[in-house]
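K.L.:
Input run.csv, format and content: CSV, C-alpha atoms.
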```
chain,number,residue,atom,x,y,z
J,1,MET,CA,-0.8,-8.9,-6.1
J,2,GLY,CA,-1.4,-6.3,-3.5
J,3,ASN,CA,0.6,-3.3,-2.6
J,4,GLN,CA,2.0,-5.2,0.4
J,5,ASN,CA,3.7,-7.8,-1.8
J,6,PHE,CA,6.0,-5.2,-3.4
J,7,HIS,CA,6.5,-2.5,-0.7
J,8,SER,CA,5.1,-1.7,2.7
J,9,SER,CA,3.6,1.2,4.5
J,10,VAL,CA,5.0,2.4,7.8
J,11,PHE,CA,2.2,0.8,9.7
J,12,PHE,CA,2.0,-2.6,7.8
J,13,LEU,CA,3.6,-6.0,8.3
J,14,GLY,CA,5.7,-5.0,11.3
J,15,LEU,CA,8.0,-2.5,9.7
J,16,PHE,CA,8.1,-0.6,13.0
J,17,GLY,CA,9.4,-2.1,16.2
J,18,GLN,CA,7.9,-5.5,17.1
J,19,PRO,CA,5.1,-6.8,14.9
J,20,HIS,CA,1.7,-5.2,15.7
J,21,SER,CA,3.2,-2.8,18.3
J,22,ILE,CA,1.8,0.7,18.7
J,23,SER,CA,3.7,3.8,18.1
J,24,GLU,CA,4.1,6.2,20.9
J,25,ILE,CA,1.9,9.3,21.1
J,26,VAL,CA,4.3,12.1,22.2
J,27,ASP,CA,1.7,14.9,22.3
J,28,ASP,CA,-1.5,16.0,20.5
J,29,THR,CA,0.3,16.6,17.2
J,30,THR,CA,3.2,14.2,17.4
J,31,ILE,CA,3.6,10.4,17.2
J,32,GLU,CA,6.9,8.6,17.4
J,33,VAL,CA,7.7,5.5,15.3
J,34,VAL,CA,10.5,3.1,15.9
J,35,LEU,CA,11.3,1.2,12.7
J,36,LYS,CA,12.1,-2.5,12.4
J,37,GLN,CA,15.8,-3.0,11.7
J,38,GLY,CA,17.2,-5.2,9.1
J,39,VAL,CA,14.6,-4.4,6.4
J,40,LYS,CA,16.1,-4.2,2.9
J,41,PHE,CA,15.0,-2.8,-0.4
J,42,HIS,CA,15.2,-5.1,-3.4
J,43,ASN,CA,18.5,-3.6,-4.5
J,44,GLY,CA,20.1,-4.4,-1.1
J,45,ASP,CA,19.9,-0.9,0.5
J,46,GLU,CA,18.7,-0.8,4.1
J,47,PHE,CA,15.4,0.8,5.0
J,48,THR,CA,16.0,3.7,7.4
J,49,ALA,CA,14.3,6.8,8.7
J,50,GLU,CA,15.3,8.7,5.6
J,51,ASP,CA,13.0,6.5,3.6
J,52,VAL,CA,10.1,7.4,5.8
J,53,LYS,CA,10.7,11.2,5.8
J,54,PHE,CA,11.3,11.3,2.0
J,55,PRO,CA,7.9,10.0,0.8
J,56,LEU,CA,5.7,11.3,3.6
J,57,GLU,CA,6.9,14.9,3.3
J,58,ARG,CA,6.7,14.7,-0.5
J,59,ILE,CA,3.1,13.6,-0.5
J,60,ALA,CA,2.2,16.0,2.2
J,61,THR,CA,3.5,19.1,0.3
J,62,ASP,CA,3.0,18.2,-3.4
J,63,SER,CA,-0.5,19.2,-4.3
J,64,SER,CA,-0.2,17.6,-7.7
J,65,LEU,CA,-0.2,14.2,-6.2
J,66,LYS,CA,-3.6,12.5,-6.0
J,67,GLU,CA,-3.1,11.3,-2.4
J,68,ASN,CA,-2.0,14.7,-1.2
J,69,PRO,CA,-5.4,15.6,0.4
J,70,ASN,CA,-5.0,12.6,2.7
J,71,TYR,CA,-1.5,13.6,3.9
J,72,LYS,CA,-1.4,17.4,3.9
J,73,GLN,CA,-2.1,17.3,7.6
J,74,ILE,CA,1.5,16.3,8.1
J,75,LYS,CA,3.7,19.3,8.9
J,76,GLU,CA,7.0,17.5,9.3
J,77,VAL,CA,8.7,14.1,9.7
J,78,LYS,CA,11.6,14.6,12.1
J,79,ILE,CA,14.4,12.1,12.1
J,80,ILE,CA,15.5,11.2,15.7
J,81,ASP,CA,18.0,8.5,14.7
J,82,ALA,CA,18.4,6.0,11.8
J,83,TYR,CA,15.4,3.9,13.0
J,84,THR,CA,13.2,6.5,14.8
J,85,VAL,CA,11.0,9.2,13.4
J,86,GLN,CA,8.5,11.6,14.8
J,87,ILE,CA,5.5,12.5,12.5
J,88,ILE,CA,4.2,15.9,13.3
J,89,THR,CA,0.9,17.3,12.1
J,90,HIS,CA,-0.3,20.9,11.8
J,91,ALA,CA,-3.1,20.2,14.3
J,92,GLN,CA,-4.7,17.3,16.2
J,93,GLU,CA,-5.2,14.5,13.7
J,94,PRO,CA,-7.1,11.5,15.3
J,95,SER,CA,-6.9,9.4,12.1
J,96,ILE,CA,-3.2,9.9,11.4
J,97,ILE,CA,-2.3,6.2,12.0
J,98,HIS,CA,-5.2,5.2,9.7
J,99,ARG,CA,-3.9,7.6,7.0
J,100,LEU,CA,-0.4,6.2,7.3
J,101,ALA,CA,-1.7,2.8,6.5
J,102,ARG,CA,-3.2,4.0,3.2
J,103,LEU,CA,-1.7,3.3,-0.3
J,104,GLY,CA,-0.1,6.8,-0.5
J,105,SER,CA,2.1,6.0,2.5
J,106,GLY,CA,4.2,3.4,0.7
J,107,MET,CA,7.8,3.7,1.7
J,108,LEU,CA,10.1,4.8,-1.1
J,109,PRO,CA,13.9,4.3,-1.4
J,110,LYS,CA,15.3,7.9,-1.1
J,111,LYS,CA,18.9,7.1,-2.1
J,112,TYR,CA,17.8,5.0,-5.1
J,113,ILE,CA,15.5,7.7,-6.4
J,114,VAL,CA,17.9,10.6,-5.7
J,115,GLU,CA,20.7,8.8,-7.5
J,116,ASN,CA,18.7,7.6,-10.5
J,117,GLY,CA,15.8,10.0,-10.8
J,118,TRP,CA,12.0,9.5,-10.8
J,119,ASP,CA,11.8,8.4,-14.5
J,120,TYR,CA,14.2,5.6,-13.8
J,121,PHE,CA,12.4,4.6,-10.6
J,122,LEU,CA,9.0,4.5,-12.3
J,123,GLU,CA,10.5,2.1,-15.0
J,124,ASN,CA,12.5,0.1,-12.5
J,125,PRO,CA,10.7,0.3,-9.1
J,126,ILE,CA,12.0,-1.4,-6.0
J,127,GLY,CA,10.3,-2.0,-2.7
J,128,THR,CA,10.7,-4.1,0.5
J,129,GLY,CA,8.1,-6.8,-0.1
J,130,PRO,CA,8.5,-10.6,-0.7
J,131,TYR,CA,8.5,-10.3,-4.5
J,132,LYS,CA,10.8,-8.1,-6.7
J,133,LEU,CA,10.0,-6.9,-10.2
J,134,VAL,CA,12.0,-8.6,-13.0
J,135,GLU,CA,10.0,-7.7,-16.1
J,136,TRP,CA,7.3,-5.2,-17.1
J,137,VAL,CA,5.7,-5.1,-20.5
J,138,ARG,CA,3.3,-2.2,-20.6
J,139,ASP,CA,-0.4,-3.3,-21.1
J,140,ASP,CA,0.6,-6.9,-21.2
J,141,ARG,CA,2.3,-8.4,-18.1
J,142,ILE,CA,4.3,-7.8,-15.0
J,143,VAL,CA,6.6,-10.5,-13.7
J,144,PHE,CA,7.8,-10.9,-10.1
J,145,GLU,CA,10.3,-13.3,-8.5
J,146,LEU,CA,11.0,-14.1,-4.9
J,147,PHE,CA,13.1,-11.6,-2.9
J,148,ASP,CA,15.4,-13.8,-0.8
J,149,ASP,CA,16.1,-11.0,1.8
J,150,TYR,CA,12.5,-10.3,2.6
J,151,PHE,CA,12.5,-9.2,6.3
J,152,ILE,CA,9.7,-11.4,7.5
J,153,GLY,CA,11.2,-14.5,5.8
J,154,LYS,CA,11.2,-16.1,2.4
J,155,VAL,CA,7.8,-17.0,1.2
J,156,ASP,CA,7.3,-20.4,-0.3
J,157,GLU,CA,3.9,-20.2,-2.2
J,158,TRP,CA,5.3,-19.3,-5.6
J,159,ASP,CA,8.8,-18.8,-7.0
J,160,LYS,CA,7.5,-16.5,-9.7
J,161,VAL,CA,4.3,-14.5,-10.2
J,162,THR,CA,3.1,-13.2,-13.5
J,163,LEU,CA,0.3,-10.6,-13.6
J,164,CYS,CA,-1.4,-10.6,-17.0
J,165,VAL,CA,-3.4,-7.6,-18.3
J,166,ILE,CA,-6.7,-9.0,-19.7
J,167,PRO,CA,-9.2,-6.1,-19.8
J,168,GLU,CA,-11.9,-8.0,-21.8
J,169,ASN,CA,-14.2,-9.9,-19.5
J,170,SER,CA,-14.9,-12.8,-21.9
J,171,THR,CA,-11.3,-13.3,-22.6
J,172,ARG,CA,-10.3,-13.3,-19.0
J,173,VAL,CA,-13.0,-15.9,-18.1
J,174,SER,CA,-12.0,-18.1,-21.0
J,175,GLU,CA,-8.3,-18.0,-19.9
J,176,LEU,CA,-9.4,-19.1,-16.4
J,177,LEU,CA,-11.6,-21.9,-17.6
J,178,ALA,CA,-8.9,-23.2,-20.0
J,179,GLY,CA,-6.1,-23.1,-17.4
J,180,GLY,CA,-4.3,-20.2,-19.0
J,181,VAL,CA,-4.3,-18.3,-15.7
J,182,ASP,CA,-4.5,-19.6,-12.1
J,183,ILE,CA,-6.4,-16.7,-10.7
J,184,ALA,CA,-8.7,-14.1,-12.2
J,185,THR,CA,-10.5,-11.1,-10.7
J,186,ASN,CA,-13.7,-9.2,-11.5
J,187,ILE,CA,-15.6,-12.2,-12.9
J,188,PRO,CA,-19.0,-11.0,-14.3
J,189,PRO,CA,-22.0,-12.4,-12.4
J,190,ALA,CA,-23.2,-13.9,-15.7
J,191,ASP,CA,-20.2,-16.2,-15.7
J,192,TRP,CA,-20.3,-17.3,-12.1
J,193,GLU,CA,-22.1,-20.6,-12.9
J,194,ARG,CA,-19.7,-21.4,-15.7
J,195,VAL,CA,-16.8,-21.0,-13.3
J,196,GLU,CA,-18.4,-23.1,-10.6
J,197,ILE,CA,-19.3,-26.1,-12.7
J,198,ASN,CA,-16.1,-26.1,-14.7
J,199,GLU,CA,-13.6,-28.8,-13.4
J,200,GLY,CA,-10.7,-27.3,-11.5
J,201,THR,CA,-12.2,-23.8,-11.0
J,202,SER,CA,-14.3,-22.1,-8.4
J,203,LEU,CA,-15.3,-18.8,-7.1
J,204,LYS,CA,-13.9,-17.3,-3.9
J,205,GLN,CA,-15.3,-14.2,-2.1
J,206,GLU,CA,-14.0,-12.4,0.9
J,207,VAL,CA,-15.4,-9.6,3.1
J,208,SER,CA,-13.5,-6.3,2.8
J,209,ASN,CA,-13.3,-3.5,5.3
J,210,ARG,CA,-12.7,-1.0,2.5
J,211,THR,CA,-15.5,1.6,2.0
J,212,LEU,CA,-15.4,3.1,-1.5
J,213,PHE,CA,-18.3,5.5,-1.2
J,214,LEU,CA,-20.5,6.5,1.8
J,215,VAL,CA,-22.9,9.4,1.7
J,216,LEU,CA,-25.1,10.6,4.5
J,217,ARG,CA,-28.1,12.9,4.1
J,218,ALA,CA,-27.5,16.1,5.9
J,219,THR,CA,-30.6,16.0,8.1
J,220,GLU,CA,-31.0,16.5,11.9
J,221,ARG,CA,-31.4,12.7,12.3
J,222,ASN,CA,-27.9,12.1,10.9
J,223,VAL,CA,-26.0,14.7,13.0
J,224,ILE,CA,-25.0,12.2,15.7
J,225,LEU,CA,-23.9,9.6,13.2
J,226,CYS,CA,-22.0,12.2,11.2
J,227,TRP,CA,-20.0,13.2,14.3
J,228,ILE,CA,-19.2,9.6,15.1
J,229,LEU,CA,-17.9,9.1,11.6
J,230,TRP,CA,-15.8,12.3,11.9
J,231,LEU,CA,-14.2,11.0,15.1
J,232,LEU,CA,-13.5,7.6,13.6
J,233,VAL,CA,-12.3,8.4,10.1
J,234,GLY,CA,-11.8,12.1,10.0
J,235,GLN,CA,-14.6,12.8,7.5
J,236,CYS,CA,-18.3,12.8,7.3
```
Could I get this structure in the form of C-alpha cells?
P.N.:
Amino acid sequence: MGNQNFHSSVFFLGLFGQPHSISEIVDDTTIEVVLKQGVKFHNGDEFTAEDVKFPLERIATDSSLKENPNYKQIKEVKIIDAYTVQIITHAQEPSIIHRLARLGSGMLPKKYIVENGWDYFLENPIGTGPYKLVEWVRDDRIVFELFDDYFIGKVDEWDKVTLCVIPENSTRVSELLAGGVDIATNIPPADWERVEINEGTSLKQEVSNRTLFLVLRATERNVILCWILWLLVGQC
C-alpha cells in the first residue's frame, strides 16, 4: 500500500483546488496553493492550512530529518486563510512543486500531534487517505480498513487490507503460490517461472518514473546534459 493510500502530499490526488489544477506562481520565490475543502483526517478533524505549514516548516528546519536536504530551500509557509497558503523559498527553486510531491511532504495533523505528542502519533498515525490504520503488530502485520469520509469518495476494491511482513524470499513466494497472500512484491527472478505456471498466480510489471540512482561522468561532453538535468530536477 503506497503512501497515497494513508495520507496525501499537498500536490497529490487533488488536495488543492480542483483536481489537477496548478498552483499560482506569485513571484520568483513564492507559490500560492488553495487547498481542497472538506478533506478530513481519520479522526474526523478537518484538513486546513495549519496542517500544511506544520509539516513543511518542520522538515525544512530540522536537519536531523532524512528528507531535510530536499526541503531546506523552504523559508516559510505563510497562511493566507484556512484553505490558502503561500510557500516561500530562500531563493528561486524551479523544482519546488516536484519536491512538494515527494514522500517527505506528506501532510500531518497538527492538532492531533500537538495534543497527543509525537510518540503517540507514531504508534497511532492518522492520515487523509482511503484506508485508516486499525492494527499494527511490529515486524508482523499492518491492518487497514476503509475510511468512509475519504474526500475523493469511498473506494470499493477491498473493505480491509492486511500488509504482512515476510522478509524471506522463499517464504514469501510459497505464501503467494499457496494462496496465503493475494499480492507479493520483490519476487526473485529465479521464481518467476514458478509463479507464472502456477494456477491462479501471475507476474505483473509496471514502468516507473522513479530514478533511484543516476551518475554522469564529469567530462566536457556531459556539460550540456548536466545543465539540462539541473534545470529539470535541481541536481546533476
K.L.:
Which one is closest to J:His42: J:Thr89, J:Thr29, J:Ser105, J:Thr128? Count only C-alpha atoms.
P.N.:
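Under the stated criterion, the closest residue is J:Thr128.
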K.L.:
Could you name the residues that touch stretch 171-186 of chain J at 7 Å or less, counting all atoms listed in the file, but leaving out those on the same chain fewer than 5 positions away, as a list of chain:residue names?
P.N.:
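Contacts, in chain order: J:Ile166, J:Val195, J:Asn198, J:Thr201.
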K.L.:
Work out how far apart atom CA of J:Trp158 and atom CA of J:Gly200 are and give it in Å to one decimal.
P.N.:
18.8 Å
K.L.:
What is the distance between atom CA of J:Ile88 and atom CA of J:Lys40, in Å to one decimal?
P.N.:
25.6 Å
K.L.:
Atom CA of J:Gly38 to atom CA of J:Ile152: how many Å, to one decimal?
P.N.:
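Interatomic distance here is 9.9 Å.
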K.L.:
Can you work out which one of J:Asp27, J:Glu57, J:Glu123, J:Asp139 has the shortest atom-to-atom distance to J:Pro94, counting all atoms listed in the file?
P.N.:
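For J:Pro94, the nearest of the candidates is J:Asp27.
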K.L.:
May I have the residues within 9 Å of J:Tyr131 as a list in words, using all atoms listed in the file and disregarding those fewer than 4 positions away in the same chain?
P.N.:
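The filter keeps Asn5, Phe6, His7, His42, Gly127, Phe144, Glu145, Leu146, Phe147, Asp148, Tyr150, Val155, Asp159, Lys160 and Val161 of chain J.
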K.L.:
Which residue, J:Ser202, J:Asn169, J:Gln86, J:Asn116, has the smallest gap to J:Ile25 when you use only C-alpha atoms?
P.N.:
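Using only C-alpha atoms, J:Ile25 sits closest to J:Gln86.
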K.L.:
J:Ile142: which residues within 7 Å, counting all atoms listed in the file, same-chain residues fewer than 3 positions away excluded, as a ChimeraX atom specification?
P.N.:
/J:135-137,162-164
K.L.:
Determine, counting only C-alpha atoms, every residue of protein, DNA or RNA that lies within 7 Å of (9.7, 5.5, 13.9) in the file coordinates, then give the result as number ranges by chain.
P.N.:
J: 16, 32-35, 83-86
K.L.:
Near stretch 63-77 of chain J, counting all atoms listed in the file, which residues have an atom at most 12 Å away, once you skip same-chain residues fewer than 2 positions from it, shown as a ChimeraX atom specification?
P.N.:
/J:29-33,49-61,79-81,84-106,233-235
